[in-house]
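Listing of work-v4.txt, compact mmCIF, C-alpha atoms
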```txt
# COMPACT_ATOMS: atom_id res chain seq x y z
CA MET A 1284 -2.59 -48.21 41.12
CA ILE A 1285 -1.31 -44.62 41.17
CA SER A 1286 1.94 -44.01 43.06
CA ASN A 1287 1.78 -41.68 46.07
CA MET A 1288 3.90 -38.99 44.36
CA LYS A 1289 1.81 -39.07 41.19
CA LYS A 1290 -1.39 -39.07 43.24
CA TRP A 1291 -0.18 -35.99 45.13
CA LEU A 1292 0.72 -34.14 41.89
CA LEU A 1293 -2.66 -35.02 40.33
CA SER A 1294 -4.46 -33.81 43.45
CA LEU A 1295 -2.80 -30.40 43.01
CA GLY A 1296 -4.01 -30.15 39.41
CA PRO A 1297 -7.10 -27.91 39.87
CA GLY A 1298 -5.26 -25.50 42.21
CA ILE A 1299 -2.21 -25.31 39.91
CA ILE A 1300 -4.43 -24.67 36.86
CA THR A 1301 -6.21 -21.85 38.73
CA ALA A 1302 -2.87 -20.29 39.72
CA ALA A 1303 -1.58 -20.56 36.15
CA LEU A 1304 -4.62 -18.97 34.52
CA VAL A 1305 -4.69 -16.12 37.08
CA PHE A 1306 -0.97 -15.33 36.79
CA GLY A 1307 -0.81 -13.89 33.28
CA PRO A 1308 1.16 -11.12 31.54
CA SER A 1309 -1.35 -8.44 32.54
CA LYS A 1310 -0.85 -9.41 36.17
CA MET A 1311 2.94 -9.41 35.71
CA THR A 1312 2.77 -5.91 34.19
CA ILE A 1313 0.65 -4.52 37.03
CA THR A 1314 2.79 -6.23 39.69
CA SER A 1315 5.99 -4.93 38.06
CA LYS A 1316 4.45 -1.45 37.91
CA LEU A 1317 3.59 -1.59 41.64
CA GLY A 1318 7.17 -2.53 42.52
CA ALA A 1319 8.71 -0.01 40.08
CA ASP A 1320 6.58 2.94 41.27
CA TYR A 1321 6.18 2.19 44.98
CA GLY A 1322 9.10 -0.07 45.88
CA TYR A 1323 8.38 -2.67 48.53
CA SER A 1324 5.62 -0.62 50.20
CA LEU A 1325 2.68 -2.53 48.67
CA LEU A 1326 3.98 -6.04 49.29
CA TRP A 1327 1.31 -6.45 51.96
CA ILE A 1328 -1.50 -6.40 49.38
CA VAL A 1329 -0.19 -9.70 47.96
CA VAL A 1330 -0.73 -11.34 51.36
CA VAL A 1331 -4.25 -9.90 51.72
CA ALA A 1332 -5.33 -10.76 48.16
CA ILE A 1333 -3.96 -14.31 48.41
CA PHE A 1334 -5.67 -14.87 51.76
CA PHE A 1335 -9.10 -14.04 50.33
CA MET A 1336 -8.34 -15.86 47.07
CA THR A 1337 -7.60 -18.97 49.15
CA ILE A 1338 -10.94 -18.64 51.02
CA PHE A 1339 -12.95 -18.48 47.79
CA THR A 1340 -10.88 -21.09 45.94
CA ILE A 1341 -11.48 -23.60 48.75
CA MET A 1342 -15.17 -22.58 48.62
CA GLY A 1343 -15.24 -23.32 44.88
CA ALA A 1344 -13.51 -26.68 45.40
CA ARG A 1345 -16.05 -27.72 48.06
CA ILE A 1346 -18.94 -26.76 45.77
CA GLY A 1347 -17.34 -28.98 43.12
CA VAL A 1348 -17.23 -31.89 45.56
CA ALA A 1349 -20.71 -31.38 47.06
CA ALA A 1350 -22.80 -30.52 44.01
CA ASP A 1351 -23.94 -33.25 41.63
CA GLN A 1352 -24.01 -30.75 38.75
CA SER A 1353 -22.00 -27.75 37.58
CA LEU A 1354 -21.98 -24.47 39.48
CA LEU A 1355 -23.84 -22.60 36.71
CA SER A 1356 -26.45 -25.38 36.70
CA VAL A 1357 -26.85 -24.92 40.47
CA ILE A 1358 -27.27 -21.16 39.91
CA ARG A 1359 -29.83 -21.87 37.15
CA ASN A 1360 -31.86 -24.07 39.51
CA LYS A 1361 -31.62 -21.57 42.38
CA TRP A 1362 -32.16 -18.22 40.61
CA GLY A 1363 -33.31 -19.02 37.07
CA ASN A 1364 -31.87 -19.30 33.57
CA ALA A 1365 -31.28 -15.55 33.18
CA ALA A 1366 -28.86 -15.48 36.15
CA ALA A 1367 -26.82 -18.41 34.74
CA ILE A 1368 -26.65 -16.85 31.26
CA ALA A 1369 -25.69 -13.42 32.66
CA ILE A 1370 -22.81 -14.86 34.70
CA GLY A 1371 -21.64 -17.18 31.90
CA LEU A 1372 -21.69 -14.38 29.31
CA GLY A 1373 -20.02 -11.96 31.74
CA ILE A 1374 -17.15 -14.38 32.39
CA PHE A 1375 -16.83 -15.08 28.65
CA PHE A 1376 -16.42 -11.36 27.89
CA VAL A 1377 -13.97 -10.87 30.77
CA THR A 1378 -11.78 -13.77 29.64
CA THR A 1379 -11.92 -12.62 26.00
CA SER A 1380 -10.87 -9.09 27.00
CA PHE A 1381 -7.79 -10.49 28.77
CA GLN A 1382 -6.94 -12.93 25.98
CA ALA A 1383 -5.32 -10.23 23.83
CA GLY A 1384 -2.88 -9.49 26.65
CA ASN A 1385 -2.05 -13.20 26.98
CA SER A 1386 -1.39 -13.45 23.23
CA ILE A 1387 0.79 -10.34 23.24
CA GLY A 1388 2.68 -11.63 26.30
CA VAL A 1389 3.59 -14.86 24.47
CA GLY A 1390 4.59 -12.90 21.37
CA ILE A 1391 6.75 -10.41 23.28
CA ALA A 1392 8.46 -13.09 25.40
CA VAL A 1393 9.58 -15.19 22.43
CA GLY A 1394 10.05 -12.21 20.09
CA GLU A 1395 12.32 -10.34 22.54
CA ALA A 1396 14.35 -13.49 23.23
CA THR A 1397 14.84 -14.33 19.54
CA GLY A 1398 14.87 -10.84 17.99
CA THR A 1399 11.87 -11.66 15.78
CA SER A 1400 8.40 -10.17 15.25
CA HIS A 1401 5.97 -10.83 18.10
CA VAL A 1402 3.11 -11.21 15.57
CA LEU A 1403 4.57 -14.48 14.27
CA TRP A 1404 4.61 -15.98 17.78
CA VAL A 1405 1.09 -14.74 18.58
CA VAL A 1406 -0.14 -16.80 15.62
CA VAL A 1407 2.09 -19.82 16.34
CA PHE A 1408 1.19 -20.24 20.02
CA ASN A 1409 -2.53 -19.63 19.50
CA LEU A 1410 -2.43 -22.39 16.89
CA VAL A 1411 -0.58 -24.60 19.40
CA GLY A 1412 -3.27 -23.80 22.00
CA ILE A 1413 -6.06 -24.70 19.56
CA CYS A 1414 -4.25 -27.94 18.60
CA LEU A 1415 -4.23 -28.99 22.28
CA LEU A 1416 -8.04 -29.06 22.10
CA PHE A 1417 -7.87 -32.03 19.70
CA PHE A 1418 -6.42 -34.29 22.40
CA ARG A 1419 -9.16 -36.63 23.59
CA ALA A 1420 -8.21 -36.30 27.25
CA PHE A 1421 -7.95 -32.49 27.17
CA TYR A 1422 -8.13 -32.08 30.97
CA LYS A 1423 -5.16 -34.42 31.48
CA VAL A 1424 -3.15 -32.50 28.87
CA LEU A 1425 -4.15 -29.16 30.45
CA GLU A 1426 -3.19 -30.38 33.93
CA LYS A 1427 0.26 -31.63 32.90
CA LEU A 1428 0.94 -28.50 30.82
CA MET A 1429 0.04 -26.17 33.69
CA ILE A 1430 2.13 -28.06 36.25
CA PHE A 1431 5.11 -27.84 33.86
CA LEU A 1432 4.59 -24.11 33.13
CA VAL A 1433 4.16 -23.21 36.80
CA ALA A 1434 7.37 -25.10 37.65
CA LEU A 1435 9.09 -23.23 34.79
CA MET A 1436 7.83 -19.87 36.10
CA LEU A 1437 8.93 -20.60 39.65
CA PHE A 1438 12.42 -21.56 38.47
CA ALA A 1439 12.68 -18.46 36.24
CA PHE A 1440 11.45 -15.98 38.86
CA VAL A 1441 13.45 -17.41 41.76
CA THR A 1442 16.56 -17.20 39.55
CA THR A 1443 15.67 -13.58 38.65
CA LEU A 1444 15.30 -12.84 42.37
CA PHE A 1445 18.83 -14.15 42.91
CA PHE A 1446 20.14 -11.63 40.35
CA ALA A 1447 18.07 -8.75 41.80
CA LYS A 1448 19.50 -9.02 45.38
CA PRO A 1449 16.55 -7.33 47.15
CA SER A 1450 16.64 -5.54 50.50
CA ILE A 1451 15.51 -7.78 53.39
CA ALA A 1452 14.61 -4.70 55.47
CA GLY A 1453 12.64 -3.26 52.53
CA MET A 1454 10.64 -6.49 52.15
CA ALA A 1455 9.88 -6.60 55.89
CA GLY A 1456 8.74 -2.97 55.81
CA GLY A 1457 6.51 -3.69 52.82
CA LEU A 1458 4.42 -6.10 54.91
CA VAL A 1459 3.18 -3.18 57.03
CA PRO A 1460 -0.08 -1.90 55.44
CA LYS A 1461 0.15 1.54 53.84
CA LEU A 1462 -1.36 3.11 50.72
CA PRO A 1463 0.96 5.54 48.89
CA ASP A 1464 -0.60 8.53 47.14
CA GLY A 1465 -1.80 7.74 43.63
CA SER A 1466 -1.63 3.96 44.04
CA ILE A 1467 -5.35 3.17 44.43
CA GLY A 1468 -5.95 2.52 40.70
CA LEU A 1469 -3.14 -0.05 40.50
CA VAL A 1470 -4.17 -1.60 43.82
CA ILE A 1471 -7.73 -2.10 42.50
CA ALA A 1472 -6.36 -3.65 39.30
CA PHE A 1473 -4.06 -5.95 41.31
CA PHE A 1474 -6.91 -7.13 43.56
CA ALA A 1475 -9.13 -7.68 40.51
CA SER A 1476 -6.50 -10.00 39.02
CA CYS A 1477 -5.04 -11.69 42.12
CA PHE A 1478 -8.24 -12.09 44.17
CA SER A 1479 -9.81 -13.71 41.09
CA ILE A 1480 -13.40 -14.71 41.79
CA VAL A 1481 -13.62 -16.01 38.23
CA GLY A 1482 -10.67 -18.34 38.94
CA ALA A 1483 -12.23 -19.46 42.24
CA PHE A 1484 -15.59 -19.99 40.48
CA TYR A 1485 -13.95 -22.22 37.86
CA GLN A 1486 -12.17 -24.23 40.57
CA SER A 1487 -15.47 -26.07 41.12
CA TYR A 1488 -15.43 -27.19 37.47
CA LEU A 1489 -11.80 -28.29 37.61
CA VAL A 1490 -12.40 -30.34 40.75
CA GLN A 1491 -15.38 -32.07 39.10
CA GLU A 1492 -13.30 -32.83 35.98
CA ARG A 1493 -10.51 -34.27 38.14
CA ILE A 1494 -12.97 -36.39 40.16
CA LYS A 1495 -14.37 -37.91 36.95
CA ILE A 1496 -10.90 -38.87 35.75
CA ASN A 1497 -9.31 -39.86 39.09
CA PRO A 1498 -12.15 -40.56 41.56
CA GLU A 1499 -9.79 -42.36 43.96
CA ILE A 1500 -8.09 -39.05 44.86
CA LYS A 1501 -10.03 -37.43 47.70
CA GLU A 1502 -10.24 -33.62 47.64
CA LYS A 1503 -8.54 -31.84 50.57
CA LYS A 1504 -8.15 -28.16 51.49
CA SER A 1505 -4.39 -28.38 51.02
CA HIS A 1506 -4.82 -29.30 47.33
CA SER A 1507 -6.33 -25.91 46.51
CA ILE A 1508 -4.17 -23.97 48.95
CA THR A 1509 -0.89 -25.14 47.39
CA GLY A 1510 -1.71 -23.65 43.98
CA ILE A 1511 -2.84 -20.32 45.42
CA VAL A 1512 0.25 -20.06 47.66
CA ILE A 1513 2.37 -20.54 44.53
CA LEU A 1514 0.34 -17.74 42.88
CA GLY A 1515 1.14 -15.46 45.82
CA LEU A 1516 4.82 -16.44 45.79
CA MET A 1517 5.19 -15.59 42.09
CA SER A 1518 3.36 -12.27 42.54
CA ALA A 1519 5.57 -11.32 45.49
CA ILE A 1520 8.79 -12.26 43.64
CA VAL A 1521 7.91 -10.12 40.59
CA MET A 1522 7.04 -7.14 42.82
CA ILE A 1523 10.24 -7.58 44.87
CA CYS A 1524 12.39 -7.82 41.71
CA ALA A 1525 10.76 -4.68 40.31
CA ALA A 1526 11.32 -2.85 43.60
CA ALA A 1527 14.97 -3.93 43.76
CA VAL A 1528 15.83 -3.29 40.10
CA LEU A 1529 13.43 -0.68 38.70
CA ASN A 1530 12.46 1.46 41.69
CA THR A 1531 16.04 2.03 42.82
CA LYS A 1532 17.01 3.15 39.28
CA GLY A 1533 13.86 5.22 38.68
CA ILE A 1534 12.91 3.05 35.65
CA LYS A 1535 9.22 3.12 34.68
CA VAL A 1536 7.20 0.12 33.44
CA ASN A 1537 4.82 0.20 30.46
CA ASN A 1538 4.71 -3.54 29.78
CA ALA A 1539 6.14 -6.73 31.31
CA SER A 1540 9.07 -6.90 28.88
CA ASP A 1541 10.41 -3.58 30.28
CA MET A 1542 11.53 -5.58 33.31
CA ALA A 1543 13.59 -7.92 31.12
CA ARG A 1544 15.19 -4.98 29.28
CA ALA A 1545 16.07 -3.33 32.61
CA LEU A 1546 17.70 -6.50 33.93
CA GLU A 1547 20.04 -6.98 30.95
CA PRO A 1548 22.35 -3.95 31.35
CA LEU A 1549 22.45 -4.43 35.13
CA PHE A 1550 22.99 -8.18 35.40
CA GLY A 1551 23.64 -9.43 31.85
CA SER A 1552 21.63 -11.29 29.23
CA ALA A 1553 21.12 -14.35 31.48
CA ALA A 1554 18.92 -12.41 33.92
CA SER A 1555 16.89 -10.94 31.07
CA THR A 1556 16.44 -14.39 29.51
CA PHE A 1557 15.26 -15.95 32.75
CA PHE A 1558 12.63 -13.22 33.19
CA LEU A 1559 11.45 -13.69 29.59
CA VAL A 1560 11.14 -17.44 30.24
CA GLY A 1561 8.91 -16.60 33.20
CA LEU A 1562 6.89 -14.18 31.05
CA PHE A 1563 6.43 -16.90 28.42
CA GLY A 1564 5.25 -19.38 31.07
CA ALA A 1565 2.79 -16.85 32.52
CA SER A 1566 1.51 -15.85 29.08
CA PHE A 1567 1.06 -19.30 27.53
CA SER A 1568 -0.49 -20.82 30.67
CA SER A 1569 -2.99 -17.95 30.83
CA LEU A 1570 -3.60 -18.09 27.07
CA VAL A 1571 -4.75 -21.73 27.35
CA GLY A 1572 -6.29 -21.56 30.85
CA ASN A 1573 -8.13 -18.28 30.39
CA ALA A 1574 -9.67 -19.45 27.10
CA THR A 1575 -10.69 -22.72 28.76
CA VAL A 1576 -12.58 -20.84 31.48
CA GLY A 1577 -14.38 -18.55 29.04
CA GLY A 1578 -15.30 -21.32 26.61
CA ALA A 1579 -16.41 -23.86 29.23
CA LEU A 1580 -18.61 -21.41 31.12
CA LEU A 1581 -20.17 -20.01 27.94
CA GLY A 1582 -21.03 -23.58 26.92
CA ASP A 1583 -22.54 -24.26 30.33
CA ALA A 1584 -24.50 -20.98 30.32
CA PHE A 1585 -26.26 -21.99 27.10
CA GLY A 1586 -26.93 -25.56 28.16
CA LYS A 1587 -24.14 -27.15 26.07
CA GLY A 1588 -22.38 -28.53 29.14
CA SER A 1589 -18.93 -27.66 30.45
CA GLN A 1590 -17.00 -30.89 29.93
CA LEU A 1591 -13.66 -30.15 28.32
CA ASN A 1592 -14.06 -33.02 25.86
CA SER A 1593 -17.36 -31.61 24.52
CA LYS A 1594 -17.18 -30.42 20.87
CA ALA A 1595 -19.24 -27.31 21.61
CA VAL A 1596 -17.02 -26.35 24.55
CA LYS A 1597 -13.88 -26.83 22.45
CA ILE A 1598 -15.33 -24.54 19.77
CA PHE A 1599 -16.06 -21.86 22.39
CA ILE A 1600 -12.53 -22.20 23.82
CA ALA A 1601 -11.06 -21.82 20.32
CA MET A 1602 -13.27 -18.73 19.79
CA VAL A 1603 -11.70 -17.01 22.81
CA MET A 1604 -8.21 -17.78 21.47
CA VAL A 1605 -9.04 -16.53 17.96
CA PHE A 1606 -10.65 -13.30 19.19
CA GLY A 1607 -7.68 -12.63 21.48
CA ALA A 1608 -5.17 -13.27 18.69
CA ILE A 1609 -7.01 -10.95 16.27
CA ILE A 1610 -7.10 -8.11 18.82
CA ALA A 1611 -3.43 -8.70 19.68
CA ILE A 1612 -2.34 -8.58 16.02
CA LYS A 1613 -4.53 -5.56 15.23
CA PHE A 1614 -3.46 -3.37 18.14
CA GLY A 1615 0.05 -4.69 18.80
CA LYS A 1616 1.50 -3.99 22.24
CA LEU A 1617 -1.35 -3.09 24.57
CA PRO A 1618 -0.51 -0.05 26.70
CA LEU A 1619 -0.40 -0.43 30.47
CA GLU A 1620 -3.38 1.94 30.83
CA LEU A 1621 -5.59 -0.41 28.80
CA ILE A 1622 -4.49 -3.44 30.85
CA VAL A 1623 -5.23 -1.61 34.11
CA PHE A 1624 -8.60 -0.45 32.78
CA ALA A 1625 -9.56 -4.00 31.68
CA GLN A 1626 -8.52 -5.45 35.05
CA SER A 1627 -10.41 -2.72 36.90
CA VAL A 1628 -13.62 -3.18 34.92
CA THR A 1629 -13.81 -6.82 36.07
CA ILE A 1630 -14.26 -5.58 39.61
CA PHE A 1631 -17.82 -4.53 38.62
CA LEU A 1632 -18.73 -8.12 37.70
CA VAL A 1633 -16.96 -10.12 40.40
CA PRO A 1634 -19.05 -9.02 43.43
CA PHE A 1635 -22.13 -10.61 41.83
CA ILE A 1636 -20.24 -13.84 41.08
CA GLY A 1637 -18.78 -13.84 44.60
CA ILE A 1638 -22.20 -13.32 46.20
CA ALA A 1639 -23.61 -16.25 44.18
CA MET A 1640 -20.75 -18.54 45.28
CA TYR A 1641 -21.08 -17.41 48.90
CA ALA A 1642 -24.85 -18.00 48.97
CA ILE A 1643 -24.56 -21.48 47.43
CA SER A 1644 -21.72 -22.59 49.69
CA ASN A 1645 -23.78 -21.49 52.71
CA ASP A 1646 -26.81 -23.55 51.58
CA PRO A 1647 -26.90 -26.84 53.56
CA LYS A 1648 -29.39 -28.39 51.10
CA ILE A 1649 -26.81 -28.12 48.31
CA MET A 1650 -23.60 -28.48 50.30
CA GLY A 1651 -24.50 -31.05 52.97
CA LYS A 1652 -21.45 -31.68 55.18
CA HIS A 1653 -19.38 -29.39 52.92
CA VAL A 1654 -21.34 -26.26 53.92
CA ASN A 1655 -19.24 -23.25 54.96
CA THR A 1656 -17.83 -23.26 58.47
CA LEU A 1657 -18.34 -20.21 60.70
CA SER A 1658 -14.82 -18.91 60.00
CA THR A 1659 -15.33 -19.28 56.23
CA LYS A 1660 -18.64 -17.42 56.48
CA ILE A 1661 -16.96 -14.55 58.36
CA PHE A 1662 -13.90 -14.24 56.10
CA GLY A 1663 -15.98 -14.86 52.97
CA ALA A 1664 -18.32 -12.01 53.93
CA LEU A 1665 -15.30 -9.78 54.62
CA GLY A 1666 -13.89 -10.67 51.18
CA LEU A 1667 -17.18 -9.70 49.55
CA LEU A 1668 -17.19 -6.37 51.41
CA ILE A 1669 -13.68 -5.68 50.10
CA LEU A 1670 -14.80 -6.46 46.52
CA ILE A 1671 -17.82 -4.15 46.87
CA PHE A 1672 -15.62 -1.41 48.34
CA LEU A 1673 -13.15 -1.79 45.45
CA ALA A 1674 -16.01 -1.65 42.94
CA LEU A 1675 -17.27 1.61 44.48
CA SER A 1676 -13.72 2.99 44.59
CA ASN A 1677 -13.36 2.04 40.94
CA VAL A 1678 -16.49 4.00 40.04
CA LYS A 1679 -14.89 7.05 41.63
CA GLU A 1680 -11.53 6.45 39.89
CA LEU A 1681 -13.03 5.88 36.44
CA PHE A 1682 -15.86 8.42 36.34
CA PHE A 1683 -15.34 11.11 38.99
CA LYS A 1684 -11.67 12.05 38.67
```
Let me see the structure of the file written as structure tokens.
Amino acid sequence: MISNMKKWLLSLGPGIITAALVFGPSKMTITSKLGADYGYSLLWIVVVAIFFMTIFTIMGARIGVAADQSLLSVIRNKWGNAAAIAIGLGIFFVTTSFQAGNSIGVGIAVGEATGTSHVLWVVVFNLVGICLLFFRAFYKVLEKLMIFLVALMLFAFVTTLFFAKPSIAGMAGGLVPKLPDGSIGLVIAFFASCFSIVGAFYQSYLVQERIKINPEIKEKKSHSITGIVILGLMSAIVMICAAAVLNTKGIKVNNASDMARALEPLFGSAASTFFLVGLFGASFSSLVGNATVGGALLGDAFGKGSQLNSKAVKIFIAMVMVFGAIIAIKFGKLPLELIVFAQSVTIFLVPFIGIAMYAISNDPKIMGKHVNTLSTKIFGALGLLILIFLALSNVKELFFK
């Protein structure tokens, strides 16, 4: 028998994993940049993005419970093999493009803290990530690792917030919607990373993995919501710290480690160290989680299955890690502009993935009693409209400015 506390922690696994893989170093850099450039004024976008992320994450979880096969298999049956391959390949390329940032984030976090080369740590932690694949119960290892790393991040960022001493009035004012001049590019990039349709899509796979291992734990809405609320909390804390520390001093951000360097002269080495611990947690959790998504969905797209203990899936996961490490070592510290561009480009793909999820979760033949409620249909449709609007805005930003 599983104790009630352990059962509760295990039930949070899929939501925690989704939060951990979404909250990576690229997201930390963009969120720090938003706080550094615009103060508290864009805090409201965290609330909006998390609200819609919650809607689609719950949708993904219910698909995982209702469907007797994987989500890409459902898409293959509904719209044909080409649609499943296109989505699987698209997600693989998106995750691979972000993997370099995750590798660099790990390298910078440990390198800055120890005064050593970040290249060494890029190699070391990618090898550690690949070694994790050799555990027979890879999902259980992944779940425990992510719960630990998220707890580590929360501790590090809450401690950093204590050092930063933010303005309560500024935070309250930031919850009133406004869009400062010149912020649209960063806002699009933030939505692309925080309102992560890819993460919500993969939630269905995580729920199915967890059901296979612990079928006695019944899936509830609160299980997915908890992880996404934690994602929002971490995003808000990083933005608030950047607003309190960087914006007031006029310090600009080019990568996530700039925040740590800014904290040290103001509050001492302890504050800098805590932020670097948080950066490490965000980077390593995304390095493993992001590669898992890309590898599992590529395997499923080509009919190799998506089970995390499958040899083919493990090879695909390792491929994402290796490609990311090579790019990270070759190009070194990725500039903020490249991170923003990569995040923004994903906004072209995610409306199609979101529409597929929405259509399936509205299909009573597939979903049965788990079909979308009226409120989910309304807010889900609104979320899709926002994604389409952001995609069109991104076209203007990238090609017509």
Residue nearest A:Leu1458 - candidates A:Leu1317, A:Leu1354, A:Leu1668, A:Ala1519, atoms counted: all atoms listed in the file: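 When distances to A:Leu1458 are compared using all atoms listed in the file, the smallest one comes from A:Ala1519.
For the atom pair formed by atom CA of A:Thr1656 and atom CA of A:Ser1644, the distance is 9.6 Å, given to one decimal.
Checking A:Leu1355, A:Val1459, A:Val1433, A:Ala1664 one by one against A:Thr1509, counting all atoms listed in the file, you find the shortest gap at A:Val1433.
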Between atom CA of A:Val1528 and atom CA of A:Phe1306, distance in Å (one decimal):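 Atom CA of A:Phe1306 lies at a distance of 20.9 Å from atom CA of A:Val1528.
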Atom-to-atom span, atom CA of A:Lys1423 and atom CA of A:Ala1349, Å: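 Interatomic distance here is 22.2 Å.
Minimum atom-to-atom distance to A:Phe1440, evaluated using all atoms listed in the file, belongs to A:Ser1518 out of A:Ser1518, A:Thr1314, A:Thr1337, A:Ser1593.
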